[in-house]
$ cat input.pdb   # PDB, C-alpha atoms, pLDDT in the B column
ATOM      1  CA  MET I   1       0.287  23.790  31.590  1.00 54.00           C
ATOM      2  CA  THR I   2       0.248  20.443  33.325  1.00 62.00           C
ATOM      3  CA  ALA I   3       2.328  17.344  32.742  1.00 53.00           C
ATOM      4  CA  GLY I   4      -0.758  15.643  31.299  1.00 54.00           C
ATOM      5  CA  ASP I   5      -1.037  18.307  28.585  1.00 53.00           C
ATOM      6  CA  VAL I   6       2.573  17.834  27.554  1.00 49.00           C
ATOM      7  CA  ALA I   7       2.257  14.036  27.473  1.00 51.00           C
ATOM      8  CA  SER I   8      -0.924  14.304  25.423  1.00 55.00           C
ATOM      9  CA  ARG I   9       0.754  16.651  22.948  1.00 54.00           C
ATOM     10  CA  VAL I  10       3.726  14.292  22.594  1.00 51.00           C
ATOM     11  CA  ARG I  11       1.397  11.370  21.887  1.00 55.00           C
ATOM     12  CA  ARG I  12      -0.442  13.339  19.237  1.00 67.00           C
ATOM     13  CA  SER I  13       2.794  14.410  17.575  1.00 78.00           C
ATOM     14  CA  GLY I  14       3.826  10.746  17.196  1.00 82.00           C
ATOM     15  CA  ALA I  15       0.556   9.945  15.467  1.00 86.00           C
ATOM     16  CA  GLY I  16       0.804  13.143  13.437  1.00 87.00           C
ATOM     17  CA  ALA I  17       4.198  12.084  12.130  1.00 88.00           C
ATOM     18  CA  VAL I  18       2.765   8.736  11.021  1.00 91.00           C
ATOM     19  CA  VAL I  19      -0.144  10.436   9.266  1.00 90.00           C
ATOM     20  CA  ALA I  20       2.148  12.990   7.614  1.00 90.00           C
ATOM     21  CA  VAL I  21       4.408  10.312   6.170  1.00 91.00           C
ATOM     22  CA  ALA I  22       1.331   8.291   5.171  1.00 93.00           C
ATOM     23  CA  ALA I  23       0.687  10.974   2.543  1.00 94.00           C
ATOM     24  CA  LEU I  24       3.580   9.415   0.621  1.00 94.00           C
ATOM     25  CA  GLN I  25       1.816   6.071   0.890  1.00 95.00           C
ATOM     26  CA  VAL I  26      -1.370   7.568  -0.534  1.00 96.00           C
ATOM     27  CA  VAL I  27       0.577   8.910  -3.512  1.00 96.00           C
ATOM     28  CA  ALA I  28       2.239   5.519  -4.054  1.00 96.00           C
ATOM     29  CA  VAL I  29      -1.106   3.710  -3.898  1.00 97.00           C
ATOM     30  CA  ALA I  30      -2.684   6.142  -6.370  1.00 97.00           C
ATOM     31  CA  ALA I  31       0.246   5.853  -8.778  1.00 97.00           C
ATOM     32  CA  THR I  32       0.419   2.061  -8.658  1.00 97.00           C
ATOM     33  CA  VAL I  33      -3.347   1.704  -9.042  1.00 97.00           C
ATOM     34  CA  ALA I  34      -3.224   3.909 -12.142  1.00 97.00           C
ATOM     35  CA  LEU I  35      -0.303   1.913 -13.529  1.00 96.00           C
ATOM     36  CA  TRP I  36      -2.085  -1.361 -12.730  1.00 95.00           C
ATOM     37  CA  PHE I  37      -5.265  -0.182 -14.421  1.00 93.00           C
ATOM     38  CA  PHE I  38      -3.538   0.831 -17.634  1.00 92.00           C
ATOM     39  CA  HIS I  39      -1.337  -2.261 -17.632  1.00 90.00           C
ATOM     40  CA  THR I  40      -4.261  -4.654 -17.312  1.00 86.00           C
ATOM     41  CA  VAL I  41      -6.757  -2.818 -19.514  1.00 82.00           C
ATOM     42  CA  PHE I  42      -4.426  -2.584 -22.472  1.00 79.00           C
ATOM     43  CA  ALA I  43      -3.224  -6.176 -22.040  1.00 71.00           C
ATOM     44  CA  GLY I  44      -6.695  -7.574 -22.761  1.00 63.00           C
ATOM     45  CA  GLY I  45      -6.071  -7.743 -26.492  1.00 60.00           C
ATOM     46  CA  ALA I  46      -2.808  -9.639 -25.930  1.00 62.00           C
ATOM     47  CA  CYS I  47      -4.565 -12.537 -24.243  1.00 68.00           C
ATOM     48  CA  ASP I  48      -5.063 -15.417 -26.615  1.00 67.00           C
ATOM     49  CA  THR I  49      -6.617 -18.815 -25.979  1.00 73.00           C
ATOM     50  CA  ARG I  50      -3.581 -19.937 -23.978  1.00 78.00           C
ATOM     51  CA  CYS I  51      -3.714 -17.225 -21.304  1.00 82.00           C
ATOM     52  CA  ASP I  52      -4.590 -18.183 -17.761  1.00 86.00           C
ATOM     53  CA  ARG I  53      -7.414 -15.936 -16.621  1.00 85.00           C
ATOM     54  CA  ALA I  54      -7.466 -17.439 -13.122  1.00 90.00           C
ATOM     55  CA  MET I  55      -3.821 -16.482 -12.629  1.00 91.00           C
ATOM     56  CA  ALA I  56      -4.538 -12.992 -13.937  1.00 89.00           C
ATOM     57  CA  ASP I  57      -7.367 -12.671 -11.409  1.00 91.00           C
ATOM     58  CA  ALA I  58      -5.055 -13.943  -8.674  1.00 95.00           C
ATOM     59  CA  ALA I  59      -2.565 -11.217  -9.599  1.00 94.00           C
ATOM     60  CA  GLY I  60      -5.269  -8.591  -9.135  1.00 94.00           C
ATOM     61  CA  MET I  61      -6.287 -10.071  -5.791  1.00 97.00           C
ATOM     62  CA  LEU I  62      -2.641 -10.088  -4.696  1.00 97.00           C
ATOM     63  CA  PHE I  63      -2.318  -6.411  -5.539  1.00 97.00           C
ATOM     64  CA  VAL I  64      -5.495  -5.465  -3.665  1.00 97.00           C
ATOM     65  CA  ALA I  65      -4.468  -7.576  -0.659  1.00 98.00           C
ATOM     66  CA  VAL I  66      -1.067  -5.879  -0.488  1.00 98.00           C
ATOM     67  CA  ILE I  67      -2.692  -2.440  -0.575  1.00 98.00           C
ATOM     68  CA  GLY I  68      -5.124  -3.482   2.155  1.00 97.00           C
ATOM     69  CA  ALA I  69      -2.339  -4.881   4.323  1.00 97.00           C
ATOM     70  CA  SER I  70      -0.274  -1.710   3.937  1.00 97.00           C
ATOM     71  CA  VAL I  71      -3.215   0.467   4.967  1.00 96.00           C
ATOM     72  CA  VAL I  72      -3.896  -1.726   8.009  1.00 97.00           C
ATOM     73  CA  ILE I  73      -0.227  -1.634   9.017  1.00 97.00           C
ATOM     74  CA  THR I  74      -0.128   2.157   8.756  1.00 96.00           C
ATOM     75  CA  GLY I  75      -3.387   2.504  10.658  1.00 95.00           C
ATOM     76  CA  ALA I  76      -2.102   0.261  13.435  1.00 95.00           C
ATOM     77  CA  ALA I  77       1.095   2.310  13.612  1.00 94.00           C
ATOM     78  CA  ALA I  78      -0.927   5.530  13.932  1.00 93.00           C
ATOM     79  CA  VAL I  79      -2.976   4.079  16.792  1.00 92.00           C
ATOM     80  CA  LEU I  80       0.127   2.732  18.516  1.00 93.00           C
ATOM     81  CA  ALA I  81       1.904   6.074  18.108  1.00 91.00           C
ATOM     82  CA  TRP I  82      -1.127   7.883  19.508  1.00 89.00           C
ATOM     83  CA  ARG I  83      -1.294   5.657  22.561  1.00 88.00           C
ATOM     84  CA  SER I  84       2.405   5.337  23.293  1.00 88.00           C
ATOM     85  CA  GLY I  85       3.793   8.622  21.975  1.00 84.00           C
ATOM     86  CA  ARG I  86       6.507   6.800  20.045  1.00 87.00           C
ATOM     87  CA  ASP I  87       7.717   8.095  16.713  1.00 88.00           C
ATOM     88  CA  LEU I  88       6.697   5.433  14.196  1.00 92.00           C
ATOM     89  CA  ALA I  89       6.991   7.559  11.069  1.00 92.00           C
ATOM     90  CA  TRP I  90       9.128   4.838   9.470  1.00 94.00           C
ATOM     91  CA  VAL I  91       6.179   2.425   9.305  1.00 95.00           C
ATOM     92  CA  PRO I  92       4.374   4.200   6.420  1.00 95.00           C
ATOM     93  CA  LEU I  93       7.674   4.195   4.518  1.00 95.00           C
ATOM     94  CA  VAL I  94       7.873   0.421   4.893  1.00 96.00           C
ATOM     95  CA  SER I  95       4.215   0.156   3.897  1.00 96.00           C
ATOM     96  CA  THR I  96       4.931   2.243   0.801  1.00 96.00           C
ATOM     97  CA  ALA I  97       7.748  -0.112  -0.123  1.00 96.00           C
ATOM     98  CA  LEU I  98       5.323  -2.994   0.416  1.00 97.00           C
ATOM     99  CA  VAL I  99       2.877  -1.421  -2.043  1.00 97.00           C
ATOM    100  CA  VAL I 100       5.562  -0.997  -4.702  1.00 97.00           C
ATOM    101  CA  ALA I 101       6.871  -4.546  -4.178  1.00 98.00           C
ATOM    102  CA  GLY I 102       3.329  -5.908  -4.301  1.00 97.00           C
ATOM    103  CA  TYR I 103       2.687  -4.031  -7.524  1.00 98.00           C
ATOM    104  CA  LEU I 104       5.827  -5.434  -9.128  1.00 97.00           C
ATOM    105  CA  ALA I 105       4.976  -8.981  -8.000  1.00 97.00           C
ATOM    106  CA  ALA I 106       1.396  -8.654  -9.260  1.00 96.00           C
ATOM    107  CA  VAL I 107       2.555  -7.318 -12.625  1.00 95.00           C
ATOM    108  CA  ALA I 108       5.010 -10.202 -12.991  1.00 95.00           C
ATOM    109  CA  LEU I 109       2.255 -12.692 -12.154  1.00 95.00           C
ATOM    110  CA  PHE I 110      -0.161 -10.998 -14.521  1.00 92.00           C
ATOM    111  CA  ASP I 111       2.371 -10.930 -17.351  1.00 90.00           C
ATOM    112  CA  SER I 112       3.138 -14.611 -16.911  1.00 90.00           C
ATOM    113  CA  ALA I 113      -0.590 -15.338 -17.051  1.00 88.00           C
ATOM    114  CA  MET I 114      -0.873 -13.483 -20.346  1.00 85.00           C
ATOM    115  CA  ARG I 115       1.775 -15.665 -22.036  1.00 79.00           C
TER     116      ARG I 115
END
$ encode --input "input.pdb" --output "structure tokens"
Amino acid sequence: MTAGDVASRVRRSGAGAVVAVAALQVVAVAATVALWFFHTVFAGGACDTRCDRAMADAAGMLFVAVIGASVVITGAAAVLAWRSGRDLAWVPLVSTALVVAGYLAAVALFDSAMR
């Protein structure tokens, strides 16, 4: 076994840790998307003539943008961990928190648009 093999294995383990913790992020995204879907679908009847549909659409775009940003952040952390061998398993946890915070912000925006 050469030193290059050990260094390569260490680099892969850093990326593997990021990918393993990213499974939590996948669960959070799936759960919040399901919650978002049911929240918005069943709110359609509550919208009267005063509701702001543009703001409701903006809430949906905010939620999708937050999910996209969290996936990009986790992907970048996996690449950086692969190349440097650093343990960046905390990054998907922060991205998961970003998804939950984005969901809560989008729901608040959507609810204010429905009033």
$ closest_atom_pairs --input "input.pdb" --of "region 1-91 of chain I" --to "region 103-114 of chain I" --cutoff "9 Å" --atoms "all atoms listed in the file" --output "Markdown table"
| residue | atom | partner | partner_atom | distance |
| --- | --- | --- | --- | --- |
| I:Thr32 | CA | I:Tyr103 | CA | 6.6 |
| I:Val33 | CA | I:Tyr103 | CA | 8.5 |
| I:Leu35 | CA | I:Tyr103 | CA | 9.0 |
| I:Trp36 | CA | I:Tyr103 | CA | 7.6 |
| I:His39 | CA | I:Val107 | CA | 8.1 |
| I:Thr40 | CA | I:Phe110 | CA | 8.1 |
| I:Ala43 | CA | I:Met114 | CA | 7.9 |
| I:Gly44 | CA | I:Met114 | CA | 8.6 |
| I:Ala46 | CA | I:Met114 | CA | 7.0 |
| I:Cys47 | CA | I:Met114 | CA | 5.5 |
| I:Asp48 | CA | I:Met114 | CA | 7.8 |
| I:Arg50 | CA | I:Met114 | CA | 7.9 |
| I:Cys51 | CA | I:Met114 | CA | 4.8 |
| I:Asp52 | CA | I:Ala113 | CA | 5.0 |
| I:Arg53 | CA | I:Ala113 | CA | 6.9 |
| I:Ala54 | CA | I:Ala113 | CA | 8.2 |
| I:Met55 | CA | I:Ala113 | CA | 5.6 |
| I:Ala56 | CA | I:Phe110 | CA | 4.8 |
| I:Asp57 | CA | I:Phe110 | CA | 8.0 |
| I:Ala58 | CA | I:Phe110 | CA | 8.2 |
| I:Ala59 | CA | I:Ala106 | CA | 4.7 |
| I:Gly60 | CA | I:Ala106 | CA | 6.7 |
| I:Met61 | CA | I:Ala106 | CA | 8.5 |
| I:Leu62 | CA | I:Ala106 | CA | 6.3 |
| I:Phe63 | CA | I:Ala106 | CA | 5.7 |
| I:Val66 | CA | I:Tyr103 | CA | 8.2 |
| I:Ile67 | CA | I:Tyr103 | CA | 8.9 |
$ closest_residue --input "input.pdb" --among "I:Gly102, I:Val21, I:Ala15, I:Phe37" --to "Trp90 (chain I)" --atoms "all atoms listed in the file"
I:Val21
$ residues_near_point --input "input.pdb" --point "(6.1, 7.0, 15.2)" --cutoff "10 Å" --atoms "all atoms listed in the file" --output "number ranges by chain"
I: 11-19, 21, 77-82, 84-92
$ axis_aligned_box --input "input.pdb" --around "region 71-84 of chain I" --padding-each-side "3 Å" --output "lines of an AutoDock Vina configuration file"
center_x = -0.7
center_y = 3.1
center_z = 14.1
size_x = 12.3
size_y = 15.6
size_z = 24.3
$ atom_distance --input "input.pdb" --atom1 "CA of Ala69 (chain I)" --atom2 "CA of Leu98 (chain I)"
8.8 Å
$ closest_residue --input "input.pdb" --among "I:Thr96, I:Arg115, I:Val72, I:Arg83" --to "Val26 (chain I)" --atoms "all atoms listed in the file"
I:Thr96
$ atom_distance --input "input.pdb" --atom1 "CA of Val71 (chain I)" --atom2 "CA of Phe38 (chain I)"
22.6 Å
$ atom_distance --input "input.pdb" --atom1 "CA of Val94 (chain I)" --atom2 "CA of Ala30 (chain I)"
16.5 Å
$ closest_residue --input "input.pdb" --among "I:Ser70, I:Thr49, I:Ala34, I:Gly75" --to "Ala101 (chain I)" --atoms "all atoms listed in the file"
I:Ser70
$ build_atoms --input "input.pdb" --residues "region 74-85 of chain I" --atoms "all heavy atoms" --output "mmCIF file, in the coordinates of the input"
data_model
loop_
_atom_site.group_PDB
_atom_site.id
_atom_site.type_symbol
_atom_site.label_atom_id
_atom_site.label_comp_id
_atom_site.auth_asym_id
_atom_site.auth_seq_id
_atom_site.Cartn_x
_atom_site.Cartn_y
_atom_site.Cartn_z
ATOM 1 N N THR I 74 -0.286 0.732 8.466
ATOM 2 C CA THR I 74 -0.128 2.157 8.756
ATOM 3 C C THR I 74 -1.149 2.628 9.784
ATOM 4 O O THR I 74 -0.823 3.412 10.681
ATOM 5 C CB THR I 74 -0.242 2.982 7.461
ATOM 6 O OG1 THR I 74 0.782 2.564 6.568
ATOM 7 C CG2 THR I 74 -0.108 4.463 7.730
ATOM 8 N N GLY I 75 -2.365 2.155 9.670
ATOM 9 C CA GLY I 75 -3.387 2.504 10.658
ATOM 10 C C GLY I 75 -3.027 2.021 12.054
ATOM 11 O O GLY I 75 -3.198 2.744 13.047
ATOM 12 N N ALA I 76 -2.523 0.798 12.136
ATOM 13 C CA ALA I 76 -2.102 0.261 13.435
ATOM 14 C C ALA I 76 -0.937 1.068 14.006
ATOM 15 O O ALA I 76 -0.876 1.314 15.215
ATOM 16 C CB ALA I 76 -1.716 -1.203 13.289
ATOM 17 N N ALA I 77 -0.030 1.492 13.146
ATOM 18 C CA ALA I 77 1.095 2.310 13.612
ATOM 19 C C ALA I 77 0.603 3.665 14.128
ATOM 20 O O ALA I 77 1.132 4.177 15.123
ATOM 21 C CB ALA I 77 2.109 2.510 12.494
ATOM 22 N N ALA I 78 -0.394 4.243 13.471
ATOM 23 C CA ALA I 78 -0.927 5.530 13.932
ATOM 24 C C ALA I 78 -1.578 5.382 15.299
ATOM 25 O O ALA I 78 -1.379 6.225 16.189
ATOM 26 C CB ALA I 78 -1.928 6.074 12.916
ATOM 27 N N VAL I 79 -2.334 4.307 15.486
ATOM 28 C CA VAL I 79 -2.976 4.079 16.792
ATOM 29 C C VAL I 79 -1.927 3.833 17.867
ATOM 30 O O VAL I 79 -2.007 4.380 18.974
ATOM 31 C CB VAL I 79 -3.977 2.901 16.696
ATOM 32 C CG1 VAL I 79 -4.461 2.474 18.066
ATOM 33 C CG2 VAL I 79 -5.148 3.270 15.806
ATOM 34 N N LEU I 80 -0.933 3.017 17.544
ATOM 35 C CA LEU I 80 0.127 2.732 18.516
ATOM 36 C C LEU I 80 0.920 3.997 18.853
ATOM 37 O O LEU I 80 1.256 4.237 20.014
ATOM 38 C CB LEU I 80 1.059 1.651 17.973
ATOM 39 C CG LEU I 80 2.169 1.176 18.904
ATOM 40 C CD1 LEU I 80 1.574 0.550 20.162
ATOM 41 C CD2 LEU I 80 3.054 0.180 18.189
ATOM 42 N N ALA I 81 1.192 4.819 17.858
ATOM 43 C CA ALA I 81 1.904 6.074 18.108
ATOM 44 C C ALA I 81 1.060 7.014 18.951
ATOM 45 O O ALA I 81 1.587 7.742 19.803
ATOM 46 C CB ALA I 81 2.291 6.739 16.789
ATOM 47 N N TRP I 82 -0.233 7.031 18.727
ATOM 48 C CA TRP I 82 -1.127 7.883 19.508
ATOM 49 C C TRP I 82 -1.133 7.454 20.970
ATOM 50 O O TRP I 82 -1.068 8.285 21.870
ATOM 51 C CB TRP I 82 -2.538 7.812 18.934
ATOM 52 C CG TRP I 82 -3.518 8.637 19.687
ATOM 53 C CD1 TRP I 82 -4.270 8.247 20.750
ATOM 54 C CD2 TRP I 82 -3.859 10.004 19.452
ATOM 55 N NE1 TRP I 82 -5.061 9.272 21.184
ATOM 56 C CE2 TRP I 82 -4.823 10.366 20.395
ATOM 57 C CE3 TRP I 82 -3.435 10.935 18.518
ATOM 58 C CZ2 TRP I 82 -5.375 11.633 20.428
ATOM 59 C CZ3 TRP I 82 -3.999 12.197 18.570
ATOM 60 C CH2 TRP I 82 -4.949 12.535 19.516
ATOM 61 N N ARG I 83 -1.195 6.154 21.188
ATOM 62 C CA ARG I 83 -1.294 5.657 22.561
ATOM 63 C C ARG I 83 0.028 5.691 23.308
ATOM 64 O O ARG I 83 0.052 5.918 24.510
ATOM 65 C CB ARG I 83 -1.846 4.237 22.562
ATOM 66 C CG ARG I 83 -3.285 4.202 22.166
ATOM 67 C CD ARG I 83 -3.853 2.832 22.290
ATOM 68 N NE ARG I 83 -5.266 2.855 21.921
ATOM 69 C CZ ARG I 83 -6.035 1.823 21.963
ATOM 70 N NH1 ARG I 83 -5.571 0.654 22.339
ATOM 71 N NH2 ARG I 83 -7.307 1.923 21.619
ATOM 72 N N SER I 84 1.124 5.434 22.602
ATOM 73 C CA SER I 84 2.405 5.337 23.293
ATOM 74 C C SER I 84 3.261 6.598 23.177
ATOM 75 O O SER I 84 4.196 6.771 23.950
ATOM 76 C CB SER I 84 3.202 4.147 22.752
ATOM 77 O OG SER I 84 3.611 4.388 21.427
ATOM 78 N N GLY I 85 2.995 7.432 22.181
ATOM 79 C CA GLY I 85 3.793 8.622 21.975
ATOM 80 C C GLY I 85 5.095 8.358 21.245
ATOM 81 O O GLY I 85 5.924 9.250 21.117
#
